file input_12.pdb (PDB, C-alpha atoms, pLDDT in the B column)
ATOM      1  CA  MET A  82      -8.317  31.605  40.323  1.00 32.00           C
ATOM      2  CA  ALA A  83      -4.665  32.502  39.781  1.00 33.00           C
ATOM      3  CA  ALA A  84      -3.679  29.026  38.578  1.00 34.00           C
ATOM      4  CA  VAL A  85      -6.518  28.988  36.057  1.00 31.00           C
ATOM      5  CA  ALA A  86      -5.560  32.403  34.727  1.00 32.00           C
ATOM      6  CA  ALA A  87      -1.952  31.302  34.484  1.00 34.00           C
ATOM      7  CA  LEU A  88      -2.838  28.050  32.724  1.00 31.00           C
ATOM      8  CA  ALA A  89      -2.919  29.616  29.272  1.00 30.00           C
ATOM      9  CA  ALA A  90       0.490  31.172  29.793  1.00 30.00           C
ATOM     10  CA  VAL A  91       2.209  28.096  31.192  1.00 30.00           C
ATOM     11  CA  LEU A  92       0.893  25.339  28.957  1.00 29.00           C
ATOM     12  CA  ALA A  93       3.025  25.532  25.836  1.00 28.00           C
ATOM     13  CA  GLY A  94       5.355  22.940  24.358  1.00 29.00           C
ATOM     14  CA  CYS A  95       5.428  19.279  25.238  1.00 29.00           C
ATOM     15  CA  ALA A  96       7.539  17.414  27.780  1.00 31.00           C
ATOM     16  CA  ALA A  97       7.929  13.714  28.466  1.00 30.00           C
ATOM     17  CA  ALA A  98       5.278  12.042  30.610  1.00 32.00           C
ATOM     18  CA  ASP A  99       6.524  11.314  34.097  1.00 33.00           C
ATOM     19  CA  THR A 100       5.509  11.126  37.702  1.00 35.00           C
ATOM     20  CA  VAL A 101       6.336  14.391  39.402  1.00 34.00           C
ATOM     21  CA  PRO A 102       7.998  14.030  42.822  1.00 35.00           C
ATOM     22  CA  PRO A 103       6.549  15.862  45.840  1.00 35.00           C
ATOM     23  CA  ALA A 104       7.273  19.555  45.478  1.00 35.00           C
ATOM     24  CA  ALA A 105       8.114  22.432  47.712  1.00 38.00           C
ATOM     25  CA  GLU A 106       5.235  24.452  49.045  1.00 40.00           C
ATOM     26  CA  SER A 107       3.164  26.233  46.447  1.00 40.00           C
ATOM     27  CA  THR A 108       0.889  29.219  46.911  1.00 38.00           C
ATOM     28  CA  LYS A 109      -0.955  28.574  43.641  1.00 38.00           C
ATOM     29  CA  ALA A 110      -4.632  27.729  43.825  1.00 39.00           C
ATOM     30  CA  ALA A 111      -5.718  24.268  42.793  1.00 44.00           C
ATOM     31  CA  ILE A 112      -7.838  23.600  39.730  1.00 44.00           C
ATOM     32  CA  THR A 113     -10.582  21.261  40.883  1.00 44.00           C
ATOM     33  CA  THR A 114     -12.621  20.933  37.713  1.00 45.00           C
ATOM     34  CA  ALA A 115     -12.094  20.795  33.991  1.00 47.00           C
ATOM     35  CA  THR A 116     -15.005  23.176  33.421  1.00 47.00           C
ATOM     36  CA  ASN A 117     -13.153  26.257  34.692  1.00 49.00           C
ATOM     37  CA  MET A 118     -10.407  26.170  32.051  1.00 52.00           C
ATOM     38  CA  PRO A 119      -9.801  29.478  30.265  1.00 51.00           C
ATOM     39  CA  PRO A 120     -10.751  29.561  26.580  1.00 53.00           C
ATOM     40  CA  THR A 121      -7.074  30.021  25.638  1.00 57.00           C
ATOM     41  CA  ALA A 122      -5.999  26.721  27.253  1.00 63.00           C
ATOM     42  CA  PRO A 123      -4.909  24.029  24.795  1.00 67.00           C
ATOM     43  CA  PRO A 124      -8.038  22.244  23.546  1.00 69.00           C
ATOM     44  CA  GLY A 125      -7.160  18.904  25.093  1.00 78.00           C
ATOM     45  CA  VAL A 126      -6.644  20.059  28.692  1.00 82.00           C
ATOM     46  CA  SER A 127     -10.269  19.585  29.753  1.00 81.00           C
ATOM     47  CA  ALA A 128     -10.455  16.194  28.029  1.00 85.00           C
ATOM     48  CA  ALA A 129      -7.188  15.126  29.682  1.00 88.00           C
ATOM     49  CA  ILE A 130      -8.511  16.088  33.115  1.00 86.00           C
ATOM     50  CA  GLU A 131     -11.736  14.202  32.458  1.00 88.00           C
ATOM     51  CA  GLY A 132      -9.645  11.161  31.445  1.00 90.00           C
ATOM     52  CA  VAL A 133      -7.631  11.416  34.657  1.00 90.00           C
ATOM     53  CA  LYS A 134     -10.867  11.650  36.667  1.00 88.00           C
ATOM     54  CA  ALA A 135     -12.269   8.536  34.973  1.00 91.00           C
ATOM     55  CA  SER A 136      -9.051   6.625  35.627  1.00 91.00           C
ATOM     56  CA  ALA A 137      -8.988   7.740  39.259  1.00 89.00           C
ATOM     57  CA  LYS A 138     -12.509   6.430  39.717  1.00 89.00           C
ATOM     58  CA  ASN A 139     -11.781   3.139  37.926  1.00 91.00           C
ATOM     59  CA  ARG A 140      -8.573   2.600  39.902  1.00 91.00           C
ATOM     60  CA  GLY A 141     -10.094   3.267  43.328  1.00 88.00           C
ATOM     61  CA  ILE A 142      -8.859   6.827  43.841  1.00 85.00           C
ATOM     62  CA  LEU A 143     -11.820   9.024  44.590  1.00 73.00           C
ATOM     63  CA  PRO A 144     -11.912  11.550  41.721  1.00 66.00           C
ATOM     64  CA  ASN A 145     -13.311  14.266  43.987  1.00 65.00           C
ATOM     65  CA  ASN A 146     -10.105  13.994  46.005  1.00 72.00           C
ATOM     66  CA  VAL A 147      -7.872  14.550  42.972  1.00 79.00           C
ATOM     67  CA  TRP A 148      -7.052  18.132  42.132  1.00 77.00           C
ATOM     68  CA  TYR A 149      -4.841  19.765  39.529  1.00 79.00           C
ATOM     69  CA  GLU A 150      -2.037  22.272  39.292  1.00 77.00           C
ATOM     70  CA  ALA A 151      -0.843  24.108  36.214  1.00 71.00           C
ATOM     71  CA  VAL A 152       2.932  24.213  35.928  1.00 69.00           C
ATOM     72  CA  PRO A 153       5.052  25.078  32.893  1.00 65.00           C
ATOM     73  CA  ASN A 154       4.138  22.722  30.044  1.00 73.00           C
ATOM     74  CA  ALA A 155       2.069  20.459  32.274  1.00 81.00           C
ATOM     75  CA  VAL A 156      -1.072  19.781  34.214  1.00 85.00           C
ATOM     76  CA  ILE A 157      -0.303  17.840  37.376  1.00 86.00           C
ATOM     77  CA  ALA A 158      -2.920  15.564  38.955  1.00 85.00           C
ATOM     78  CA  ILE A 159      -2.401  15.687  42.709  1.00 83.00           C
ATOM     79  CA  ILE A 160      -3.597  12.527  44.399  1.00 83.00           C
ATOM     80  CA  PRO A 161      -4.151  11.869  48.100  1.00 79.00           C
ATOM     81  CA  PRO A 162      -2.737   8.856  49.906  1.00 78.00           C
ATOM     82  CA  SER A 163      -4.628   5.912  48.383  1.00 78.00           C
ATOM     83  CA  PRO A 164      -3.377   2.668  49.968  1.00 77.00           C
ATOM     84  CA  ASP A 165      -6.210   0.508  48.584  1.00 79.00           C
ATOM     85  CA  ALA A 166      -6.083   1.930  45.065  1.00 85.00           C
ATOM     86  CA  ASP A 167      -4.414   0.598  41.933  1.00 89.00           C
ATOM     87  CA  VAL A 168      -1.896   3.449  41.888  1.00 87.00           C
ATOM     88  CA  GLN A 169       0.415   1.725  39.376  1.00 90.00           C
ATOM     89  CA  GLY A 170      -2.501   1.292  36.955  1.00 93.00           C
ATOM     90  CA  PHE A 171      -3.445   4.927  37.502  1.00 92.00           C
ATOM     91  CA  LYS A 172       0.126   6.018  36.705  1.00 92.00           C
ATOM     92  CA  ALA A 173       0.037   3.966  33.487  1.00 95.00           C
ATOM     93  CA  ASP A 174      -3.310   5.514  32.526  1.00 95.00           C
ATOM     94  CA  VAL A 175      -1.994   9.033  33.160  1.00 93.00           C
ATOM     95  CA  ALA A 176       1.150   8.282  31.111  1.00 94.00           C
ATOM     96  CA  ALA A 177      -1.084   7.212  28.206  1.00 95.00           C
ATOM     97  CA  ILE A 178      -3.226  10.350  28.573  1.00 94.00           C
ATOM     98  CA  SER A 179      -0.053  12.443  28.609  1.00 93.00           C
ATOM     99  CA  ALA A 180       1.332  10.713  25.514  1.00 93.00           C
ATOM    100  CA  ALA A 181      -1.863  11.595  23.651  1.00 92.00           C
ATOM    101  CA  ALA A 182      -1.842  15.221  24.834  1.00 89.00           C
ATOM    102  CA  ASP A 183      -0.966  17.899  22.302  1.00 85.00           C
ATOM    103  CA  GLY A 184       1.095  20.794  23.641  1.00 83.00           C
ATOM    104  CA  PHE A 185       1.282  19.789  27.300  1.00 87.00           C
ATOM    105  CA  THR A 186       2.097  16.917  29.630  1.00 90.00           C
ATOM    106  CA  VAL A 187      -0.088  15.326  32.273  1.00 91.00           C
ATOM    107  CA  GLY A 188       1.730  14.170  35.394  1.00 90.00           C
ATOM    108  CA  ILE A 189       1.050  12.994  38.933  1.00 88.00           C
ATOM    109  CA  ARG A 190       2.119  14.310  42.321  1.00 84.00           C
ATOM    110  CA  ASN A 191       1.369  12.547  45.582  1.00 82.00           C
ATOM    111  CA  ALA A 192      -0.145  14.691  48.320  1.00 80.00           C
ATOM    112  CA  LEU A 193       0.653  14.033  51.954  1.00 76.00           C
ATOM    113  CA  ARG A 194      -3.016  14.163  52.936  1.00 77.00           C
ATOM    114  CA  SER A 195      -6.380  14.098  51.239  1.00 74.00           C
ATOM    115  CA  LEU A 196      -8.071  17.262  50.076  1.00 73.00           C
ATOM    116  CA  ASP A 197     -10.802  16.572  52.658  1.00 77.00           C
ATOM    117  CA  GLU A 198      -8.194  16.507  55.458  1.00 82.00           C
ATOM    118  CA  ALA A 199      -6.688  19.785  54.233  1.00 84.00           C
ATOM    119  CA  LYS A 200     -10.158  21.356  54.015  1.00 86.00           C
ATOM    120  CA  ALA A 201     -10.886  20.264  57.594  1.00 90.00           C
ATOM    121  CA  ILE A 202      -7.769  22.084  58.809  1.00 91.00           C
ATOM    122  CA  GLN A 203      -8.743  25.121  56.760  1.00 93.00           C
ATOM    123  CA  ARG A 204     -12.253  25.118  58.291  1.00 94.00           C
ATOM    124  CA  ARG A 205     -10.716  25.012  61.796  1.00 94.00           C
ATOM    125  CA  VAL A 206      -8.628  28.091  61.003  1.00 95.00           C
ATOM    126  CA  ASP A 207     -11.585  29.883  59.417  1.00 94.00           C
ATOM    127  CA  ALA A 208     -13.724  29.153  62.493  1.00 95.00           C
ATOM    128  CA  ASP A 209     -11.017  30.551  64.776  1.00 95.00           C
ATOM    129  CA  THR A 210     -10.581  33.979  63.150  1.00 93.00           C
ATOM    130  CA  ALA A 211     -12.053  35.881  66.111  1.00 94.00           C
ATOM    131  CA  PHE A 212      -9.821  33.992  68.570  1.00 95.00           C
ATOM    132  CA  LEU A 213      -6.766  34.499  66.365  1.00 95.00           C
ATOM    133  CA  ARG A 214      -7.558  38.201  65.995  1.00 94.00           C
ATOM    134  CA  SER A 215      -7.618  38.437  69.817  1.00 94.00           C
ATOM    135  CA  LYS A 216      -4.050  37.065  69.723  1.00 92.00           C
ATOM    136  CA  GLY A 217      -2.964  39.699  67.169  1.00 91.00           C
ATOM    137  CA  ILE A 218      -3.166  37.394  64.139  1.00 93.00           C
ATOM    138  CA  ASN A 219      -5.303  39.136  61.521  1.00 92.00           C
ATOM    139  CA  ILE A 220      -6.202  36.660  58.785  1.00 93.00           C
ATOM    140  CA  THR A 221      -7.318  37.996  55.425  1.00 91.00           C
ATOM    141  CA  ALA A 222      -7.639  34.645  53.617  1.00 91.00           C
ATOM    142  CA  THR A 223      -6.947  30.933  53.874  1.00 93.00           C
ATOM    143  CA  GLY A 224      -6.266  28.414  51.138  1.00 90.00           C
ATOM    144  CA  ILE A 225      -4.867  24.975  50.504  1.00 85.00           C
ATOM    145  CA  THR A 226      -1.519  24.687  48.772  1.00 80.00           C
ATOM    146  CA  THR A 227      -1.731  22.554  45.666  1.00 65.00           C
ATOM    147  CA  ASN A 228       0.811  20.039  46.873  1.00 65.00           C
ATOM    148  CA  GLY A 229      -1.501  19.148  49.755  1.00 67.00           C
ATOM    149  CA  ASP A 230       1.164  19.817  52.369  1.00 66.00           C
ATOM    150  CA  SER A 231      -0.239  22.946  53.973  1.00 79.00           C
ATOM    151  CA  VAL A 232      -3.110  25.241  54.624  1.00 90.00           C
ATOM    152  CA  LEU A 233      -1.803  28.675  53.713  1.00 90.00           C
ATOM    153  CA  VAL A 234      -2.935  31.608  55.849  1.00 92.00           C
ATOM    154  CA  ASP A 235      -2.619  35.189  54.619  1.00 92.00           C
ATOM    155  CA  VAL A 236      -1.947  37.532  57.529  1.00 92.00           C
ATOM    156  CA  VAL A 237      -1.929  41.324  57.586  1.00 91.00           C
ATOM    157  CA  GLY A 238      -0.217  43.575  60.129  1.00 89.00           C
ATOM    158  CA  ALA A 239       2.148  40.959  61.574  1.00 88.00           C
ATOM    159  CA  GLU A 240       5.457  42.391  62.723  1.00 86.00           C
ATOM    160  CA  ASP A 241       7.059  38.925  62.850  1.00 90.00           C
ATOM    161  CA  ILE A 242       5.559  36.454  60.377  1.00 90.00           C
ATOM    162  CA  GLU A 243       7.816  33.665  61.689  1.00 91.00           C
ATOM    163  CA  ALA A 244       6.338  34.116  65.179  1.00 91.00           C
ATOM    164  CA  VAL A 245       2.844  33.940  63.654  1.00 92.00           C
ATOM    165  CA  LYS A 246       3.791  30.700  61.874  1.00 91.00           C
ATOM    166  CA  ARG A 247       5.004  29.200  65.146  1.00 92.00           C
ATOM    167  CA  GLN A 248       1.748  30.154  66.890  1.00 93.00           C
ATOM    168  CA  LEU A 249      -0.330  28.628  64.099  1.00 93.00           C
ATOM    169  CA  ILE A 250       1.743  25.428  64.095  1.00 92.00           C
ATOM    170  CA  ASP A 251       1.364  25.165  67.882  1.00 93.00           C
ATOM    171  CA  ARG A 252      -2.418  25.390  67.498  1.00 93.00           C
ATOM    172  CA  TYR A 253      -3.059  23.463  64.227  1.00 91.00           C
ATOM    173  CA  GLY A 254      -0.010  21.260  63.715  1.00 87.00           C
ATOM    174  CA  PRO A 255       2.730  21.233  61.081  1.00 85.00           C
ATOM    175  CA  SER A 256       0.334  21.279  58.132  1.00 83.00           C
ATOM    176  CA  ILE A 257      -0.134  25.050  58.259  1.00 87.00           C
ATOM    177  CA  ASP A 258       1.892  27.948  56.880  1.00 85.00           C
ATOM    178  CA  ALA A 259       1.480  31.717  56.917  1.00 85.00           C
ATOM    179  CA  GLN A 260       2.537  34.558  54.668  1.00 86.00           C
ATOM    180  CA  THR A 261       2.201  38.297  54.803  1.00 86.00           C
ATOM    181  CA  ALA A 262      -0.819  39.375  52.745  1.00 80.00           C
ATOM    182  CA  ALA A 263      -0.159  41.805  49.940  1.00 63.00           C
ATOM    183  CA  GLY A 264      -3.366  43.696  50.671  1.00 49.00           C
ATOM    184  CA  VAL A 265      -6.294  43.779  53.007  1.00 48.00           C
ATOM    185  CA  ALA A 266      -9.456  41.859  52.208  1.00 47.00           C
ATOM    186  CA  SER A 267     -12.596  41.754  54.293  1.00 48.00           C
ATOM    187  CA  TYR A 268     -13.005  38.394  55.967  1.00 46.00           C
TER     188      TYR A 268
END
call {"tool": "encode", "arguments": {"input": "input_12.pdb", "output": "structure tokens"}}
result
Amino acid sequence: MAAVAALAAVLAGCAAADTVPPAAESTKAAITTATNMPPTAPPGVSAAIEGVKASAKNRGILPNNVWYEAVPNAVIAIIPPSPDADVQGFKADVAAISAAADGFTVGIRNALRSLDEAKAIQRRVDADTAFLRSKGINITATGITTNGDSVLVDVVGAEDIEAVKRQLIDRYGPSIDAQTAAGVASY
């Protein structure tokens, strides 16, 4: 995973703990488990993620719906909308985990939808590849952006990627984006 490989390079130094505001779209892959950290990651990253998972569970945020993004000097826990959860307590827990971290910060970003909702949209796109191909949209890959805003579709051979985006939005709604694929992969 690109984000995992980049984790070692981006986690250096220490910044103040804070809640990270919603971000612009990201094409980085999400880190969904502490067990896939590269051996060069700071030693406390896996423990910090496990602490965030425990807090999410204790505070009513389903830990399987929390995912992570590596950004410079930080690991960001991305949480879905959680109206019945103790979000303020979760933020305090994450701030304490971040304060104890050595060489990186742990922060929070709110996603616009749950990971399950994003996966459902992704499955719809994946199931429609033959139909989309018949419309001239050749998908090489799909993924979920780490900010939870979009399902990202890699397309090859599109003369007008903006037209492809409009077609995808018409079919799947505003939570989808497309980009021109750098290469061809079998799908």
call {"tool": "residues_near_point", "arguments": {"input": "input_12.pdb", "point": "(-9.5, 6.2, 40.1)", "cutoff": "12 Å", "atoms": "all atoms listed in the file", "output": "mmCIF file with C-alpha atoms, in the frame of the given file"}}
result
data_model
loop_
_atom_site.group_PDB
_atom_site.id
_atom_site.type_symbol
_atom_site.label_atom_id
_atom_site.label_comp_id
_atom_site.auth_asym_id
_atom_site.auth_seq_id
_atom_site.Cartn_x
_atom_site.Cartn_y
_atom_site.Cartn_z
ATOM 1 C CA GLU A 131 -11.736 14.202 32.458
ATOM 2 C CA GLY A 132 -9.645 11.161 31.445
ATOM 3 C CA VAL A 133 -7.631 11.416 34.657
ATOM 4 C CA LYS A 134 -10.867 11.650 36.667
ATOM 5 C CA ALA A 135 -12.269 8.536 34.973
ATOM 6 C CA SER A 136 -9.051 6.625 35.627
ATOM 7 C CA ALA A 137 -8.988 7.740 39.259
ATOM 8 C CA LYS A 138 -12.509 6.430 39.717
ATOM 9 C CA ASN A 139 -11.781 3.139 37.926
ATOM 10 C CA ARG A 140 -8.573 2.600 39.902
ATOM 11 C CA GLY A 141 -10.094 3.267 43.328
ATOM 12 C CA ILE A 142 -8.859 6.827 43.841
ATOM 13 C CA LEU A 143 -11.820 9.024 44.590
ATOM 14 C CA PRO A 144 -11.912 11.550 41.721
ATOM 15 C CA ASN A 145 -13.311 14.266 43.987
ATOM 16 C CA ASN A 146 -10.105 13.994 46.005
ATOM 17 C CA VAL A 147 -7.872 14.550 42.972
ATOM 18 C CA ALA A 158 -2.920 15.564 38.955
ATOM 19 C CA ILE A 160 -3.597 12.527 44.399
ATOM 20 C CA PRO A 161 -4.151 11.869 48.100
ATOM 21 C CA SER A 163 -4.628 5.912 48.383
ATOM 22 C CA ASP A 165 -6.210 0.508 48.584
ATOM 23 C CA ALA A 166 -6.083 1.930 45.065
ATOM 24 C CA ASP A 167 -4.414 0.598 41.933
ATOM 25 C CA VAL A 168 -1.896 3.449 41.888
ATOM 26 C CA GLN A 169 0.415 1.725 39.376
ATOM 27 C CA GLY A 170 -2.501 1.292 36.955
ATOM 28 C CA PHE A 171 -3.445 4.927 37.502
ATOM 29 C CA LYS A 172 0.126 6.018 36.705
ATOM 30 C CA ALA A 173 0.037 3.966 33.487
ATOM 31 C CA ASP A 174 -3.310 5.514 32.526
ATOM 32 C CA VAL A 175 -1.994 9.033 33.160
#
call {"tool": "closest_residue", "arguments": {"input": "input_12.pdb", "among": "A:Asn219, A:Gln248, A:Ser195, A:Thr210", "to": "Ser231 of chain A", "atoms": "only C-alpha atoms"}}
result
A:Ser195
call {"tool": "closest_residue", "arguments": {"input": "input_12.pdb", "among": "A:Ala128, A:Thr261, A:Arg252, A:Ala222", "to": "Glu240 of chain A", "atoms": "all atoms listed in the file"}}
result
A:Thr261
call {"tool": "residues_around", "arguments": {"input": "input_12.pdb", "residues": "Ile257 of chain A", "least_positions_apart": "3", "cutoff": "12 Å", "atoms": "only C-alpha atoms", "output": "PyMOL selection string"}}
result
chain A and resi 106+199-203+205-206+223-226+229-235+245-254+260
call {"tool": "residues_around", "arguments": {"input": "input_12.pdb", "residues": "Ala239 of chain A", "least_positions_apart": "2", "cutoff": "9 Å", "atoms": "all atoms listed in the file", "output": "ChimeraX atom specification"}}
result
/A:217-219,236-237,241-242,244-245,261
call {"tool": "atom_distance", "arguments": {"input": "input_12.pdb", "atom1": "atom CA of Gly238 of chain A", "atom2": "atom CA of Glu198 of chain A"}}
result
28.6 Å
call {"tool": "atom_distance", "arguments": {"input": "input_12.pdb", "atom1": "atom CA of Val156 of chain A", "atom2": "atom CA of Leu196 of chain A"}}
result
17.5 Å
call {"tool": "atom_distance", "arguments": {"input": "input_12.pdb", "atom1": "atom CA of Ile157 of chain A", "atom2": "atom CA of Arg190 of chain A"}}
result
6.5 Å
call {"tool": "build_atoms", "arguments": {"input": "input_12.pdb", "residues": "segment 138-161 of chain A", "atoms": "N, CA, C and O atoms", "output": "PDB file, in the frame of the given file"}}
result
ATOM      1  N   LYS A 138     -11.325   7.150  39.252  1.00 89.00           N
ATOM      2  CA  LYS A 138     -12.509   6.430  39.717  1.00 89.00           C
ATOM      3  C   LYS A 138     -12.355   4.929  39.469  1.00 89.00           C
ATOM      4  O   LYS A 138     -12.600   4.119  40.367  1.00 89.00           O
ATOM      5  N   ASN A 139     -11.928   4.556  38.271  1.00 91.00           N
ATOM      6  CA  ASN A 139     -11.781   3.139  37.926  1.00 91.00           C
ATOM      7  C   ASN A 139     -10.707   2.448  38.751  1.00 91.00           C
ATOM      8  O   ASN A 139     -10.786   1.244  38.985  1.00 91.00           O
ATOM      9  N   ARG A 140      -9.694   3.188  39.171  1.00 91.00           N
ATOM     10  CA  ARG A 140      -8.573   2.600  39.902  1.00 91.00           C
ATOM     11  C   ARG A 140      -8.718   2.716  41.419  1.00 91.00           C
ATOM     12  O   ARG A 140      -7.819   2.372  42.161  1.00 91.00           O
ATOM     13  N   GLY A 141      -9.837   3.230  41.899  1.00 88.00           N
ATOM     14  CA  GLY A 141     -10.094   3.267  43.328  1.00 88.00           C
ATOM     15  C   GLY A 141      -9.607   4.523  44.036  1.00 88.00           C
ATOM     16  O   GLY A 141      -9.560   4.577  45.258  1.00 88.00           O
ATOM     17  N   ILE A 142      -9.235   5.532  43.270  1.00 85.00           N
ATOM     18  CA  ILE A 142      -8.859   6.827  43.841  1.00 85.00           C
ATOM     19  C   ILE A 142     -10.070   7.723  43.643  1.00 85.00           C
ATOM     20  O   ILE A 142     -10.511   7.935  42.527  1.00 85.00           O
ATOM     21  N   LEU A 143     -10.613   8.219  44.719  1.00 73.00           N
ATOM     22  CA  LEU A 143     -11.820   9.024  44.590  1.00 73.00           C
ATOM     23  C   LEU A 143     -11.539  10.257  43.739  1.00 73.00           C
ATOM     24  O   LEU A 143     -10.690  11.079  44.101  1.00 73.00           O
ATOM     25  N   PRO A 144     -12.225  10.417  42.602  1.00 66.00           N
ATOM     26  CA  PRO A 144     -11.912  11.550  41.721  1.00 66.00           C
ATOM     27  C   PRO A 144     -12.164  12.901  42.348  1.00 66.00           C
ATOM     28  O   PRO A 144     -11.541  13.884  41.984  1.00 66.00           O
ATOM     29  N   ASN A 145     -13.082  12.980  43.331  1.00 65.00           N
ATOM     30  CA  ASN A 145     -13.311  14.266  43.987  1.00 65.00           C
ATOM     31  C   ASN A 145     -12.150  14.651  44.892  1.00 65.00           C
ATOM     32  O   ASN A 145     -12.083  15.776  45.366  1.00 65.00           O
ATOM     33  N   ASN A 146     -11.270  13.705  45.177  1.00 72.00           N
ATOM     34  CA  ASN A 146     -10.105  13.994  46.005  1.00 72.00           C
ATOM     35  C   ASN A 146      -8.852  14.214  45.178  1.00 72.00           C
ATOM     36  O   ASN A 146      -7.767  14.323  45.718  1.00 72.00           O
ATOM     37  N   VAL A 147      -8.986  14.228  43.862  1.00 79.00           N
ATOM     38  CA  VAL A 147      -7.872  14.550  42.972  1.00 79.00           C
ATOM     39  C   VAL A 147      -8.048  15.997  42.554  1.00 79.00           C
ATOM     40  O   VAL A 147      -9.140  16.424  42.208  1.00 79.00           O
ATOM     41  N   TRP A 148      -6.984  16.765  42.623  1.00 77.00           N
ATOM     42  CA  TRP A 148      -7.052  18.132  42.132  1.00 77.00           C
ATOM     43  C   TRP A 148      -5.860  18.376  41.241  1.00 77.00           C
ATOM     44  O   TRP A 148      -5.009  17.516  41.082  1.00 77.00           O
ATOM     45  N   TYR A 149      -5.787  19.529  40.614  1.00 79.00           N
ATOM     46  CA  TYR A 149      -4.841  19.765  39.529  1.00 79.00           C
ATOM     47  C   TYR A 149      -4.093  21.065  39.730  1.00 79.00           C
ATOM     48  O   TYR A 149      -4.621  22.007  40.301  1.00 79.00           O
ATOM     49  N   GLU A 150      -2.870  21.080  39.229  1.00 77.00           N
ATOM     50  CA  GLU A 150      -2.037  22.272  39.292  1.00 77.00           C
ATOM     51  C   GLU A 150      -1.454  22.510  37.910  1.00 77.00           C
ATOM     52  O   GLU A 150      -0.990  21.583  37.255  1.00 77.00           O
ATOM     53  N   ALA A 151      -1.484  23.740  37.471  1.00 71.00           N
ATOM     54  CA  ALA A 151      -0.843  24.108  36.214  1.00 71.00           C
ATOM     55  C   ALA A 151       0.590  24.512  36.501  1.00 71.00           C
ATOM     56  O   ALA A 151       0.839  25.372  37.341  1.00 71.00           O
ATOM     57  N   VAL A 152       1.521  23.858  35.847  1.00 69.00           N
ATOM     58  CA  VAL A 152       2.932  24.213  35.928  1.00 69.00           C
ATOM     59  C   VAL A 152       3.426  24.344  34.497  1.00 69.00           C
ATOM     60  O   VAL A 152       2.733  23.923  33.571  1.00 69.00           O
ATOM     61  N   PRO A 153       4.608  24.911  34.278  1.00 65.00           N
ATOM     62  CA  PRO A 153       5.052  25.078  32.893  1.00 65.00           C
ATOM     63  C   PRO A 153       4.979  23.765  32.102  1.00 65.00           C
ATOM     64  O   PRO A 153       5.489  22.741  32.525  1.00 65.00           O
ATOM     65  N   ASN A 154       4.272  23.823  30.993  1.00 73.00           N
ATOM     66  CA  ASN A 154       4.138  22.722  30.044  1.00 73.00           C
ATOM     67  C   ASN A 154       3.403  21.512  30.587  1.00 73.00           C
ATOM     68  O   ASN A 154       3.493  20.432  30.006  1.00 73.00           O
ATOM     69  N   ALA A 155       2.691  21.646  31.690  1.00 81.00           N
ATOM     70  CA  ALA A 155       2.069  20.459  32.274  1.00 81.00           C
ATOM     71  C   ALA A 155       0.840  20.788  33.105  1.00 81.00           C
ATOM     72  O   ALA A 155       0.690  21.884  33.613  1.00 81.00           O
ATOM     73  N   VAL A 156      -0.002  19.798  33.227  1.00 85.00           N
ATOM     74  CA  VAL A 156      -1.072  19.781  34.214  1.00 85.00           C
ATOM     75  C   VAL A 156      -0.738  18.612  35.126  1.00 85.00           C
ATOM     76  O   VAL A 156      -0.513  17.492  34.663  1.00 85.00           O
ATOM     77  N   ILE A 157      -0.668  18.860  36.409  1.00 86.00           N
ATOM     78  CA  ILE A 157      -0.303  17.840  37.376  1.00 86.00           C
ATOM     79  C   ILE A 157      -1.554  17.418  38.140  1.00 86.00           C
ATOM     80  O   ILE A 157      -2.234  18.256  38.724  1.00 86.00           O
ATOM     81  N   ALA A 158      -1.846  16.116  38.135  1.00 85.00           N
ATOM     82  CA  ALA A 158      -2.920  15.564  38.955  1.00 85.00           C
ATOM     83  C   ALA A 158      -2.326  15.279  40.325  1.00 85.00           C
ATOM     84  O   ALA A 158      -1.341  14.548  40.443  1.00 85.00           O
ATOM     85  N   ILE A 159      -2.900  15.863  41.344  1.00 83.00           N
ATOM     86  CA  ILE A 159      -2.401  15.687  42.709  1.00 83.00           C
ATOM     87  C   ILE A 159      -3.329  14.711  43.403  1.00 83.00           C
ATOM     88  O   ILE A 159      -4.532  14.956  43.517  1.00 83.00           O
ATOM     89  N   ILE A 160      -2.764  13.578  43.827  1.00 83.00           N
ATOM     90  CA  ILE A 160      -3.597  12.527  44.399  1.00 83.00           C
ATOM     91  C   ILE A 160      -3.298  12.351  45.884  1.00 83.00           C
ATOM     92  O   ILE A 160      -2.156  12.460  46.310  1.00 83.00           O
ATOM     93  N   PRO A 161      -4.338  12.084  46.662  1.00 79.00           N
ATOM     94  CA  PRO A 161      -4.151  11.869  48.100  1.00 79.00           C
ATOM     95  C   PRO A 161      -3.590  10.479  48.349  1.00 79.00           C
ATOM     96  O   PRO A 161      -3.564   9.636  47.453  1.00 79.00           O
TER      97      PRO A 161
END
